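Asker: Sharing entry-v8.csv below, CSV, C-alpha atoms:
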chain,number,residue,atom,x,y,z
A,1,MET,CA,-60.3,-13.1,-5.0
A,2,THR,CA,-58.8,-14.5,-1.9
A,3,LYS,CA,-56.8,-17.1,-3.9
A,4,TYR,CA,-55.3,-14.4,-6.1
A,5,PHE,CA,-54.6,-12.2,-3.1
A,6,PHE,CA,-52.6,-14.9,-1.4
A,7,ARG,CA,-50.8,-15.8,-4.7
A,8,PHE,CA,-49.9,-12.2,-5.2
A,9,SER,CA,-48.7,-11.8,-1.6
A,10,ALA,CA,-46.5,-14.9,-1.9
A,11,LEU,CA,-44.9,-13.6,-5.1
A,12,PHE,CA,-44.3,-10.2,-3.4
A,13,ILE,CA,-42.7,-11.8,-0.4
A,14,LEU,CA,-40.6,-14.1,-2.6
A,15,ALA,CA,-39.4,-11.1,-4.6
A,16,ALA,CA,-38.6,-9.1,-1.5
A,17,CYS,CA,-36.6,-12.0,-0.1
A,18,GLN,CA,-34.7,-12.4,-3.3
A,19,GLY,CA,-34.0,-8.6,-3.2
A,20,ASN,CA,-32.5,-9.0,0.2
A,21,THR,CA,-30.0,-11.6,-1.0
A,22,VAL,CA,-28.3,-9.2,-3.4
A,23,PRO,CA,-24.7,-9.0,-2.2
A,24,GLN,CA,-23.4,-5.7,-0.9
A,25,PHE,CA,-19.8,-5.4,-2.0
A,26,ARG,CA,-19.0,-2.4,0.2
A,27,VAL,CA,-20.6,0.2,2.5
A,28,HIS,CA,-21.7,3.4,0.9
A,29,PRO,CA,-19.8,6.4,2.2
A,30,GLN,CA,-23.1,8.1,3.2
A,31,ASP,CA,-23.7,5.1,5.6
A,32,SER,CA,-20.2,5.1,7.1
A,33,LYS,CA,-19.9,5.6,10.8
A,34,LEU,CA,-16.2,6.5,10.6
A,35,ILE,CA,-14.8,10.0,10.6
A,36,PRO,CA,-11.7,10.4,8.4
A,37,SER,CA,-8.6,12.0,9.9
A,38,SER,CA,-8.9,14.8,7.3
A,39,GLU,CA,-12.2,15.9,8.6
A,40,ILE,CA,-10.9,16.0,12.2
A,41,PHE,CA,-7.8,18.0,10.9
A,42,TYR,CA,-9.9,20.7,9.2
A,43,SER,CA,-12.3,21.1,12.1
A,44,SER,CA,-10.1,20.7,15.1
A,45,ILE,CA,-6.3,20.8,14.2
A,46,LEU,CA,-5.9,23.4,11.5
A,47,PRO,CA,-7.4,26.3,13.6
A,48,THR,CA,-4.6,25.7,16.2
A,49,LEU,CA,-1.9,26.3,13.6
A,50,SER,CA,-2.6,30.0,13.0
A,51,GLY,CA,0.5,31.9,12.1
A,52,LYS,CA,2.6,28.7,11.7
A,53,LYS,CA,4.7,27.8,8.7
A,54,VAL,CA,3.8,24.3,7.4
A,55,MET,CA,5.6,21.8,5.2
A,56,LEU,CA,2.9,19.7,3.4
A,57,VAL,CA,3.4,16.1,2.4
A,58,THR,CA,0.4,14.7,0.6
A,59,ASN,CA,-1.1,13.6,-2.8
A,60,PRO,CA,-4.6,12.9,-4.0
A,61,SER,CA,-5.0,10.0,-1.6
A,62,GLY,CA,-4.9,12.6,1.3
A,63,ILE,CA,-6.1,16.3,1.5
A,64,GLY,CA,-4.1,16.8,-1.7
A,65,ASN,CA,-7.2,15.6,-3.6
A,66,ASN,CA,-8.6,19.1,-3.1
A,67,PRO,CA,-5.9,21.8,-3.5
A,68,GLY,CA,-8.5,24.5,-3.6
A,69,LYS,CA,-9.7,23.6,-0.1
A,70,ILE,CA,-6.2,23.6,1.2
A,71,ILE,CA,-5.6,27.1,-0.1
A,72,ARG,CA,-8.9,28.4,1.2
A,73,GLU,CA,-8.7,26.8,4.6
A,74,PHE,CA,-5.0,27.7,5.1
A,75,GLU,CA,-5.7,31.3,4.2
A,76,LYS,CA,-8.9,31.4,6.4
A,77,ASN,CA,-6.9,30.2,9.4
A,78,GLN,CA,-3.8,32.3,8.6
A,79,VAL,CA,-1.6,29.2,8.2
A,80,ILE,CA,1.5,29.7,6.0
A,81,LEU,CA,2.2,27.0,3.4
A,82,GLU,CA,6.0,27.1,3.1
A,83,HIS,CA,7.1,24.0,1.3
A,84,LEU,CA,5.8,20.9,-0.4
A,85,ILE,CA,7.4,17.4,-0.3
A,86,GLY,CA,7.2,15.3,-3.5
A,87,LEU,CA,6.5,11.6,-3.0
A,88,GLU,CA,7.5,8.9,-5.5
A,89,HIS,CA,4.6,9.7,-7.8
A,90,GLY,CA,4.6,13.4,-7.5
A,91,PHE,CA,2.1,15.8,-5.9
A,92,LEU,CA,-0.8,14.8,-8.2
A,93,GLY,CA,0.1,11.1,-8.0
A,94,LEU,CA,0.4,10.9,-11.8
A,95,GLU,CA,4.1,10.3,-12.3
A,96,GLU,CA,5.5,6.9,-13.2
A,97,GLU,CA,9.1,7.8,-12.8
A,98,PHE,CA,11.1,9.6,-10.1
A,99,SER,CA,11.8,13.3,-10.7
A,100,GLN,CA,15.2,13.9,-12.2
A,101,THR,CA,15.8,17.1,-10.2
A,102,PRO,CA,15.8,17.7,-6.4
A,103,VAL,CA,13.3,20.6,-6.6
A,104,THR,CA,10.6,21.8,-9.0
A,105,MET,CA,8.0,24.6,-8.7
A,106,ASP,CA,4.5,23.4,-8.1
A,107,SER,CA,2.0,25.3,-10.3
A,108,THR,CA,-1.0,24.7,-8.1
A,109,PHE,CA,0.4,26.3,-5.0
A,110,ASN,CA,3.2,28.3,-6.5
A,111,ARG,CA,5.6,26.8,-3.9
A,112,PRO,CA,8.8,24.8,-4.2
A,113,LEU,CA,8.2,21.0,-4.4
A,114,TYR,CA,11.2,19.1,-2.9
A,115,HIS,CA,11.6,15.5,-4.1
A,116,ILE,CA,12.7,13.7,-0.9
A,117,TYR,CA,14.5,10.9,-2.7
A,118,ARG,CA,16.7,13.4,-4.6
A,119,ILE,CA,17.7,15.9,-1.9
A,120,LYS,CA,20.5,15.3,0.6
A,121,ASP,CA,19.8,14.5,4.2
A,122,SER,CA,21.6,17.7,5.3
A,123,ASP,CA,19.4,19.8,3.0
A,124,LEU,CA,16.3,18.1,4.2
A,125,ARG,CA,17.2,18.9,7.8
A,126,VAL,CA,17.5,22.6,6.8
A,127,LEU,CA,14.1,22.6,5.2
A,128,LEU,CA,12.5,20.9,8.2
A,129,ASN,CA,14.0,23.5,10.5
A,130,GLU,CA,12.5,26.3,8.4
A,131,VAL,CA,9.0,25.3,9.3
A,132,ASP,CA,6.9,24.9,12.5
A,133,VAL,CA,4.9,22.0,11.4
A,134,VAL,CA,5.2,19.0,9.0
A,135,LEU,CA,1.8,17.8,7.9
A,136,PHE,CA,1.9,14.2,6.5
A,137,ASP,CA,-1.3,12.8,4.9
A,138,VAL,CA,-1.1,9.9,2.4
A,139,GLN,CA,-2.8,6.5,1.9
A,140,ASP,CA,-0.5,3.5,2.1
A,141,VAL,CA,-0.9,-0.3,1.8
A,142,GLY,CA,0.8,-1.5,5.0
A,143,MET,CA,3.9,-2.8,3.3
A,144,ARG,CA,7.6,-1.8,3.8
A,145,CYS,CA,8.2,-1.8,0.0
A,146,TYR,CA,5.5,0.8,-0.6
A,147,THR,CA,7.8,3.9,-0.4
A,148,TYR,CA,5.6,6.3,1.5
A,149,VAL,CA,6.7,4.7,4.8
A,150,SER,CA,10.3,5.3,3.8
A,151,VAL,CA,9.4,9.0,3.3
A,152,LEU,CA,7.8,9.0,6.8
A,153,LYS,CA,11.1,7.6,8.2
A,154,ARG,CA,13.3,10.2,6.4
A,155,LEU,CA,11.2,13.1,7.7
A,156,LEU,CA,11.2,11.8,11.3
A,157,ASP,CA,15.0,11.3,11.1
A,158,GLY,CA,15.4,14.8,9.7
A,159,ILE,CA,13.3,16.5,12.4
A,160,GLY,CA,15.2,14.7,15.2
A,161,LYS,CA,15.3,16.9,18.3
A,162,SER,CA,14.3,20.1,16.6
A,163,LYS,CA,11.2,22.1,17.6
A,164,THR,CA,9.3,21.2,14.4
A,165,LYS,CA,6.1,19.4,15.1
A,166,PHE,CA,5.1,16.4,13.0
A,167,ILE,CA,1.4,15.7,12.4
A,168,VAL,CA,0.3,12.5,10.7
A,169,LEU,CA,-3.3,12.2,9.4
A,170,ASP,CA,-3.8,8.4,9.6
A,171,HIS,CA,-5.5,6.1,7.1
A,172,ILE,CA,-7.0,2.7,7.0
A,173,HIS,CA,-5.4,0.4,4.5
A,174,THR,CA,-6.3,-3.0,2.9
A,175,ALA,CA,-3.9,-5.0,5.1
A,176,MET,CA,-5.4,-4.0,8.4
A,177,HIS,CA,-6.4,-7.7,9.2
A,178,LEU,CA,-2.9,-8.9,8.8
A,179,PRO,CA,-0.3,-9.2,11.6
A,180,PRO,CA,3.4,-8.5,10.8
A,181,LYS,CA,4.6,-11.0,8.1
A,182,GLY,CA,7.9,-11.7,6.5
A,183,GLU,CA,11.4,-10.8,7.5
A,184,LYS,CA,13.4,-7.7,8.2
A,185,MET,CA,15.8,-5.9,5.8
A,186,SER,CA,19.4,-7.0,5.7
A,187,PRO,CA,21.7,-3.9,5.7
A,188,LYS,CA,23.3,-5.1,2.4
A,189,HIS,CA,19.9,-4.9,0.7
A,190,LEU,CA,18.8,-1.5,2.0
A,191,ASN,CA,17.1,0.6,-0.7
A,192,PHE,CA,14.4,3.3,-0.9
A,193,ALA,CA,11.7,0.6,-0.9
A,194,GLY,CA,13.1,-1.0,2.2
A,195,GLU,CA,14.3,1.7,4.7
A,196,PHE,CA,11.6,1.3,7.4
A,197,PRO,CA,12.6,-1.2,10.1
A,198,SER,CA,9.6,-3.4,9.9
A,199,LEU,CA,8.8,-6.8,8.4
A,200,LEU,CA,7.6,-6.8,4.7
A,201,ILE,CA,4.0,-6.5,5.9
A,202,SER,CA,4.3,-4.1,8.8
A,203,GLY,CA,1.0,-4.8,10.7
A,204,MET,CA,0.7,-1.1,11.2
A,205,THR,CA,-0.8,2.0,9.7
A,206,LEU,CA,1.4,5.0,8.8
A,207,GLY,CA,0.3,6.7,12.0
A,208,GLU,CA,1.1,3.6,14.1
A,209,SER,CA,4.4,3.3,12.2
A,210,ALA,CA,5.3,6.9,13.2
A,211,LEU,CA,4.6,6.2,16.9
A,212,PHE,CA,6.6,2.9,16.7
A,213,TYR,CA,9.6,4.5,15.0
A,214,ASN,CA,9.6,7.6,17.2
A,215,LYS,CA,9.7,5.6,20.4
A,216,GLU,CA,11.8,2.6,19.4
A,217,PHE,CA,14.5,4.4,17.3
A,218,LEU,CA,14.3,8.1,18.2
A,219,SER,CA,13.7,7.9,21.9
A,220,ASP,CA,10.4,10.0,21.5
A,221,SER,CA,12.5,13.0,20.4
A,222,VAL,CA,10.0,14.1,17.8
A,223,ASN,CA,7.0,16.2,18.8
A,224,LEU,CA,4.6,13.8,17.2
A,225,GLN,CA,0.8,14.0,16.9
A,226,VAL,CA,-1.2,11.2,15.1
A,227,VAL,CA,-4.8,11.9,14.2
A,228,PRO,CA,-6.6,8.5,13.9
A,229,VAL,CA,-9.6,7.6,11.9
A,230,SER,CA,-12.4,7.9,14.4
A,231,GLY,CA,-14.7,4.9,14.9
A,232,TYR,CA,-12.6,2.2,13.2
A,233,GLN,CA,-12.3,-1.3,14.6
A,234,ARG,CA,-9.3,-3.4,13.5
A,235,ASN,CA,-11.5,-6.4,12.5
A,236,GLN,CA,-13.3,-4.3,9.8
A,237,TYR,CA,-12.2,-4.8,6.2
A,238,PHE,CA,-11.7,-1.7,4.1
A,239,GLU,CA,-14.9,-2.4,2.1
A,240,ASP,CA,-16.9,-2.5,5.3
A,241,THR,CA,-15.8,1.0,6.5
A,242,GLY,CA,-17.6,3.1,3.9
A,243,LEU,CA,-14.3,5.0,3.3
A,244,PRO,CA,-13.9,5.6,-0.5
A,245,TRP,CA,-10.7,4.3,-2.1
A,246,VAL,CA,-8.6,7.1,-3.5
A,247,THR,CA,-5.8,6.1,-5.7
A,248,PRO,CA,-2.5,6.5,-3.8
A,249,SER,CA,-0.3,5.8,-6.9
A,250,PRO,CA,-0.9,5.2,-10.6
A,251,ASN,CA,-0.8,1.4,-10.4
A,252,LEU,CA,-3.1,1.0,-7.5
A,253,PRO,CA,-6.3,2.5,-9.0
A,254,MET,CA,-8.7,0.0,-7.3
A,255,VAL,CA,-9.1,-1.7,-4.0
A,256,GLU,CA,-8.7,-4.9,-5.9
A,257,SER,CA,-5.2,-3.8,-7.1
A,258,ALA,CA,-4.2,-2.9,-3.5
A,259,ARG,CA,-5.3,-6.2,-2.2
A,260,ASN,CA,-3.5,-8.1,-4.9
A,261,TYR,CA,-0.4,-6.0,-4.6
A,262,MET,CA,0.4,-7.6,-1.3
A,263,ALA,CA,1.3,-10.8,-3.1
A,264,LEU,CA,1.9,-9.8,-6.7
A,265,VAL,CA,4.5,-7.1,-5.8
A,266,MET,CA,7.0,-10.0,-5.3
A,267,LEU,CA,6.7,-10.7,-9.1
A,268,GLU,CA,8.6,-7.5,-9.7
A,269,GLY,CA,11.6,-9.6,-8.9
A,270,VAL,CA,11.1,-12.0,-11.8
A,271,ASN,CA,10.9,-11.5,-15.6
A,272,VAL,CA,7.2,-10.9,-15.9
A,273,SER,CA,4.9,-7.9,-16.2
A,274,VAL,CA,2.6,-7.2,-13.2
A,275,GLY,CA,0.2,-5.3,-15.4
A,276,ARG,CA,1.9,-1.9,-15.2
A,277,GLY,CA,0.8,0.0,-18.3
A,278,THR,CA,-2.4,-1.9,-18.7
A,279,GLN,CA,-6.0,-1.3,-17.6
A,280,ALA,CA,-5.5,-3.7,-14.7
A,281,PRO,CA,-2.2,-3.2,-12.9
A,282,PHE,CA,-1.6,-5.8,-10.1
A,283,VAL,CA,-4.5,-7.7,-11.4
A,284,TYR,CA,-2.9,-9.0,-14.6
A,285,PHE,CA,0.5,-10.6,-14.7
A,286,GLY,CA,2.3,-12.6,-17.4
A,287,ALA,CA,5.0,-12.7,-20.1
A,288,PRO,CA,5.2,-13.5,-23.8
A,289,TRP,CA,6.8,-16.8,-22.9
A,290,MET,CA,3.9,-17.8,-20.5
A,291,ILE,CA,2.4,-20.3,-22.9
A,292,ASP,CA,-0.7,-22.3,-21.8
A,293,PRO,CA,-1.2,-20.3,-18.6
A,294,GLU,CA,-4.1,-22.6,-17.7
A,295,ILE,CA,-1.5,-25.1,-16.5
A,296,LEU,CA,-0.2,-22.6,-13.9
A,297,SER,CA,-3.8,-21.6,-13.1
A,298,LYS,CA,-4.7,-25.1,-12.2
A,299,LYS,CA,-1.7,-25.6,-9.9
A,300,LEU,CA,-2.5,-22.3,-8.1
A,301,GLY,CA,-6.1,-23.3,-7.7
A,302,GLU,CA,-5.1,-26.3,-5.6
A,303,ILE,CA,-3.6,-24.0,-3.0
A,304,SER,CA,-6.5,-22.0,-1.7
A,305,LYS,CA,-10.1,-21.2,-2.4
A,306,SER,CA,-9.6,-17.5,-1.5
A,307,TYR,CA,-8.7,-16.6,-5.1
A,308,TYR,CA,-8.7,-18.1,-8.6
A,309,PHE,CA,-6.8,-17.2,-11.8
A,310,THR,CA,-8.1,-16.9,-15.3
A,311,PRO,CA,-6.1,-16.6,-18.6
A,312,VAL,CA,-5.7,-13.2,-20.1
A,313,PHE,CA,-3.9,-11.4,-22.9
A,314,PHE,CA,-2.6,-7.8,-22.6
A,315,LYS,CA,0.0,-5.4,-24.1
A,316,PRO,CA,1.8,-3.2,-21.5
A,317,THR,CA,2.5,0.4,-22.6
A,318,PHE,CA,5.5,0.6,-20.3
A,319,GLY,CA,7.6,-1.6,-18.0
A,320,PRO,CA,8.6,-5.2,-18.6
A,321,HIS,CA,7.5,-6.6,-22.1
A,322,LYS,CA,6.4,-3.1,-23.2
A,323,GLY,CA,4.5,-3.2,-26.5
A,324,LYS,CA,4.5,-7.0,-26.7
A,325,ILE,CA,1.4,-9.2,-26.7
A,326,THR,CA,1.6,-10.9,-23.4
A,327,SER,CA,-0.2,-14.0,-22.2
A,328,GLY,CA,-0.8,-14.6,-18.5
A,329,LEU,CA,-3.3,-14.7,-15.7
A,330,ARG,CA,-5.8,-12.4,-14.0
A,331,MET,CA,-6.0,-12.7,-10.2
A,332,ASN,CA,-9.6,-12.9,-9.0
A,333,LEU,CA,-9.9,-12.4,-5.2
A,334,VAL,CA,-12.7,-14.4,-3.6
A,335,ARG,CA,-11.9,-13.7,0.1
A,336,ALA,CA,-9.8,-10.9,1.4
A,337,ASP,CA,-8.3,-13.0,4.2
A,338,TYR,CA,-5.7,-14.8,2.0
A,339,ASP,CA,-2.1,-15.1,3.0
A,340,PRO,CA,-0.2,-12.8,0.5
A,341,ILE,CA,3.2,-14.1,1.5
A,342,GLU,CA,2.2,-17.7,0.9
A,343,LEU,CA,0.6,-16.9,-2.4
A,344,ALA,CA,3.7,-14.9,-3.6
A,345,TYR,CA,6.0,-17.8,-2.7
A,346,GLU,CA,3.8,-20.5,-4.3
A,347,LEU,CA,3.2,-18.3,-7.4
A,348,ILE,CA,6.9,-17.8,-8.1
A,349,ARG,CA,7.8,-21.4,-7.1
A,350,LEU,CA,5.2,-22.8,-9.5
A,351,MET,CA,6.1,-20.4,-12.2
A,352,LYS,CA,9.7,-21.5,-12.0
A,353,GLU,CA,8.6,-25.2,-12.1
A,354,THR,CA,6.2,-24.7,-15.0
A,355,TYR,CA,8.5,-22.6,-17.2
A,356,PRO,CA,12.0,-23.7,-16.2
A,357,LYS,CA,13.7,-22.5,-19.5
A,358,ASP,CA,12.1,-19.1,-19.5
A,359,PHE,CA,11.8,-18.1,-15.9
A,360,LYS,CA,14.5,-15.7,-14.6
A,361,TRP,CA,15.2,-13.7,-11.4
A,362,ASN,CA,15.7,-10.0,-12.2
A,363,LYS,CA,19.0,-8.7,-11.2
A,364,GLY,CA,20.2,-5.1,-10.7
A,365,SER,CA,23.8,-3.9,-10.6
A,366,ALA,CA,24.5,-5.4,-7.2
A,367,ASN,CA,21.5,-7.5,-5.9
A,368,TYR,CA,18.6,-9.5,-7.1
A,369,TRP,CA,15.5,-7.3,-7.0
A,370,VAL,CA,13.4,-9.9,-5.2
A,371,ASP,CA,16.1,-9.8,-2.4
A,372,GLN,CA,15.6,-6.0,-2.1
A,373,LEU,CA,11.8,-6.5,-1.8
A,374,TRP,CA,12.0,-9.4,0.7
A,375,GLY,CA,14.9,-7.9,2.6
A,376,ASN,CA,17.4,-10.7,2.1
A,377,GLU,CA,18.1,-13.7,-0.1
A,378,HIS,CA,16.1,-16.2,1.9
A,379,PHE,CA,12.9,-16.1,-0.2
A,380,ARG,CA,14.8,-16.6,-3.5
A,381,THR,CA,17.2,-19.3,-2.2
A,382,ALA,CA,14.4,-21.3,-0.5
A,383,ILE,CA,12.6,-21.5,-3.8
A,384,GLY,CA,15.9,-22.5,-5.5
A,385,GLU,CA,16.3,-25.3,-2.9
A,386,GLY,CA,12.8,-26.6,-3.6
A,387,LYS,CA,11.5,-25.9,-0.1
A,388,THR,CA,7.8,-26.0,0.5
A,389,TYR,CA,6.2,-22.8,1.8
A,390,SER,CA,5.7,-24.4,5.2
A,391,GLU,CA,9.5,-25.2,5.4
A,392,PHE,CA,10.4,-21.7,4.4
A,393,HIS,CA,7.9,-20.1,6.8
A,394,SER,CA,9.2,-22.1,9.7
A,395,SER,CA,12.5,-20.3,9.5
A,396,PHE,CA,11.0,-16.9,10.4
A,397,ILE,CA,7.6,-17.7,12.1
A,398,LYS,CA,9.1,-16.9,15.6
A,399,SER,CA,10.3,-13.5,14.4
A,400,GLU,CA,6.8,-12.7,13.2
A,401,ALA,CA,5.4,-13.5,16.6
A,402,ASP,CA,8.1,-11.4,18.3
A,403,GLU,CA,7.3,-8.5,16.0
A,404,LYS,CA,3.6,-8.7,16.7
A,405,LYS,CA,4.3,-8.3,20.5
A,406,ARG,CA,6.8,-5.5,19.8
A,407,ILE,CA,4.3,-3.3,17.8
A,408,GLU,CA,1.3,-3.9,20.0
A,409,PRO,CA,1.8,-0.9,22.3
A,410,TYR,CA,1.6,1.4,19.2
A,411,LEU,CA,-1.6,0.1,17.7
A,412,LEU,CA,-4.4,2.7,17.6
A,413,TYR,CA,-7.3,0.4,16.5
Let me see the file written as structure tokens.

Answerer:
Amino acid sequence: MTKYFFRFSALFILAACQGNTVPQFRVHPQDSKLIPSSEIFYSSILPTLSGKKVMLVTNPSGIGNNPGKIIREFEKNQVILEHLIGLEHGFLGLEEEFSQTPVTMDSTFNRPLYHIYRIKDSDLRVLLNEVDVVLFDVQDVGMRCYTYVSVLKRLLDGIGKSKTKFIVLDHIHTAMHLPPKGEKMSPKHLNFAGEFPSLLISGMTLGESALFYNKEFLSDSVNLQVVPVSGYQRNQYFEDTGLPWVTPSPNLPMVESARNYMALVMLEGVNVSVGRGTQAPFVYFGAPWMIDPEILSKKLGEISKSYYFTPVFFKPTFGPHKGKITSGLRMNLVRADYDPIELAYELIRLMKETYPKDFKWNKGSANYWVDQLWGNEHFRTAIGEGKTYSEFHSSFIKSEADEKKRIEPYLLY
């Protein structure tokens, strides 16, 4: 009996040990020690706004994920919802294209929804002066080209020295571990996806960006309040926080998409699909001409062990190569600490090298699109000149270090 007892005990212990080795991909929200800014807003901030007129800037990645709660809590606290501001993908975050009109009527709140990229600056200033408070609450990804930070800037500019208060409910994003990276925007390349005066990867949250911009460019003229995420430490990856990922725009449905976006967004400047209109946006990329993508995959695999690429076929329902059978690669992230700027550079450089007859830079009416993403022509011309990433990076590494020091006073975590 003793022999069987010890044998059973050994098997039990072995099974228990094996169970403990099951990887945990992320912290369950019930186990999170963080308090989202939205909870702090409803419990502590909203009651102080009684009798105030509010302009609401949100979508389902913020408190806009529960319109019923907004209506109930605003009415309970006698807060007046005056206007809504429409972001790039609309109030519900479902729109692929920009609205064609400056204002529409929102059916959920029965309030006018003003599309900030369609209305004149002078009209925006009038709207901002009609309210007591602007409430801004959306998830971003920590990059200048993700247009929500451009909206933030336009609103801060519009408020100026008026009495309107600006409240930002802050969010943790997937680039929290990264310092500022890239270059600043050249005036000739200014566009809606490049208005904020930061590097391509800002190194800041939207709340930190608001503090930075208000102090550095508006002389602290805006009555600004940022509500941080309570309990967050900057060395925590998003998956370790227990915060649920809520889709901020149609093509970033997963944390994986958001992490990949930091590098793959630069592919929007060349003639490939980045998976828009598929089940895996910013996970798949490719083109009908990308024959034998294993060749490109092998070259990319020699750069870093933080990711790998596998061949895939897909058919986009919109965007580049719409309706065409497309061959390409799937980006598989192994470690979140990869350098997205380096990967973007090497990916495009090797794509150009592997498919010299088919590869093309996308060009708009005036500029190359990749220049408008990067901020100037240096990224594109460095690849054209055959420079290594190390040679390219050496031309702006000092400006990255300078920017890191510049934003430090505004970091909340």

Asker: With a distance cut-off of 7 Å and all atoms listed in the file, select the neighbouring residues of Gly142 in chain A, excluding the residue or stretch itself and same-chain residues fewer than 2 positions from it, and output the selection as a list in words.

Answerer: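 Counting only the stated atoms, we get Asp140, Arg144, His173, Ala175, Ile201, Ser202, Gly203, Met204 and Thr205 of chain A.
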
Asker: What is the CA of His171 in chain A-CA of Phe217 in chain A distance in Å, reported with one decimal?

Answerer: 22.5 Å

Asker: Determine the nearest neighbour of Gly384 in chain A from the options A:Val255, A:Asp402, A:Ala344, A:Glu353, counting only C-alpha atoms.

Answerer: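 Closest candidate: A:Glu353.
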
Asker: What does the structure give for the distance between CA of Ser44 in chain A and CA of Glu73 in chain A, in Å to one decimal?

Answerer: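 Computing it gives 12.2 Å between the two atoms.
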
Asker: Calculate how many Å separate CA of Ser221 in chain A from CA of Ile159 in chain A, rounding to one decimal.

Answerer: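 Those two atoms sit 8.8 Å apart.
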
Asker: Tell me which protein, DNA and RNA residues are within 8 Å of range 232-245 of chain A, counting all atoms listed in the file, leaving out same-chain ones fewer than 6 positions away, and put them as a tab-separated table (two decimals) with C-alpha atoms, in the frame of the given file.

Answerer:
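As a result, part.tsv now contains:
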chain	number	residue	atom	x	y	z
A	25	PHE	CA	-19.80	-5.40	-2.00
A	26	ARG	CA	-19.00	-2.40	0.20
A	27	VAL	CA	-20.60	0.20	2.50
A	28	HIS	CA	-21.70	3.40	0.90
A	29	PRO	CA	-19.80	6.40	2.20
A	30	GLN	CA	-23.10	8.10	3.20
A	31	ASP	CA	-23.70	5.10	5.60
A	32	SER	CA	-20.20	5.10	7.10
A	33	LYS	CA	-19.90	5.60	10.80
A	34	LEU	CA	-16.20	6.50	10.60
A	36	PRO	CA	-11.70	10.40	8.40
A	172	ILE	CA	-7.00	2.70	7.00
A	173	HIS	CA	-5.40	0.40	4.50
A	174	THR	CA	-6.30	-3.00	2.90
A	176	MET	CA	-5.40	-4.00	8.40
A	177	HIS	CA	-6.40	-7.70	9.20
A	254	MET	CA	-8.70	0.00	-7.30
A	255	VAL	CA	-9.10	-1.70	-4.00
A	413	TYR	CA	-7.30	0.40	16.50

Asker: Which one of A:Asn271, A:Ser162, A:Ser257, A:Ser399 sits closest to Lys363 in chain A if you count all atoms listed in the file?

Answerer: A:Asn271

Asker: Please list as a list in words every residue within 8 Å of Leu87 in chain A, counting all atoms listed in the file and excluding residues in the same chain fewer than 3 positions away.

Answerer: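 The neighbour list is Val57, Thr58, Asn59, Gly90, Phe91, His115, Ile116, Tyr148 and Val151 of chain A.
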
Asker: Would you mind telling me which residue in A:Lys398, A:His189, A:Lys120, A:Lys161 lies nearest to Thr101 in chain A when using all atoms listed in the file?

Answerer: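 Checking each candidate against Thr101 in chain A, we get A:Lys120 as the closest.
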
Asker: Considering all atoms listed in the file, can you say which of A:Ile63, A:Leu267, A:Val283, A:Ala336 comes closest to Ser304 in chain A?

Answerer: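 Closest residue, counting all atoms listed in the file: A:Ala336.
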
Asker: Fewer than 6 positions away in the same chain doesn't count, so skip those; otherwise give me all residues within 12 Å of Ser394 in chain A, counting all atoms listed in the file, as JSON, numbers by chain.

Answerer: {"A": [182, 183, 378, 382, 387, 388, 400, 401]}

Asker: Find, counting all atoms listed in the file, the residue in A:Pro179, A:Pro293, A:Gly328, A:Pro248 that gets nearest to Asn65 in chain A.

Answerer: A:Pro248

Asker: List every protein, DNA or RNA residue that has an atom no more than 7 Å from (2.0, 17.4, 1.9) in the file's coordinate frame, counting only C-alpha atoms, and report them as a PyMOL selection string.

Answerer: chain A and resi 55-59+84-85+135-137

Asker: List the residues sitting within 12 Å of (2.6, -8.1, -13.3) in the file's frame, using all atoms listed in the file, as a ChimeraX atom specification.

Answerer: /A:251,257,260-261,263-287,312,314-316,318-322,326-331,344,347-348

Asker: Using all atoms listed in the file, which of the listed residues (A:Ile407, A:Val133, A:Leu190, A:Val246) sits closest to Ile167 in chain A?

Answerer: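 The closest residue to Ile167 in chain A is A:Val133.
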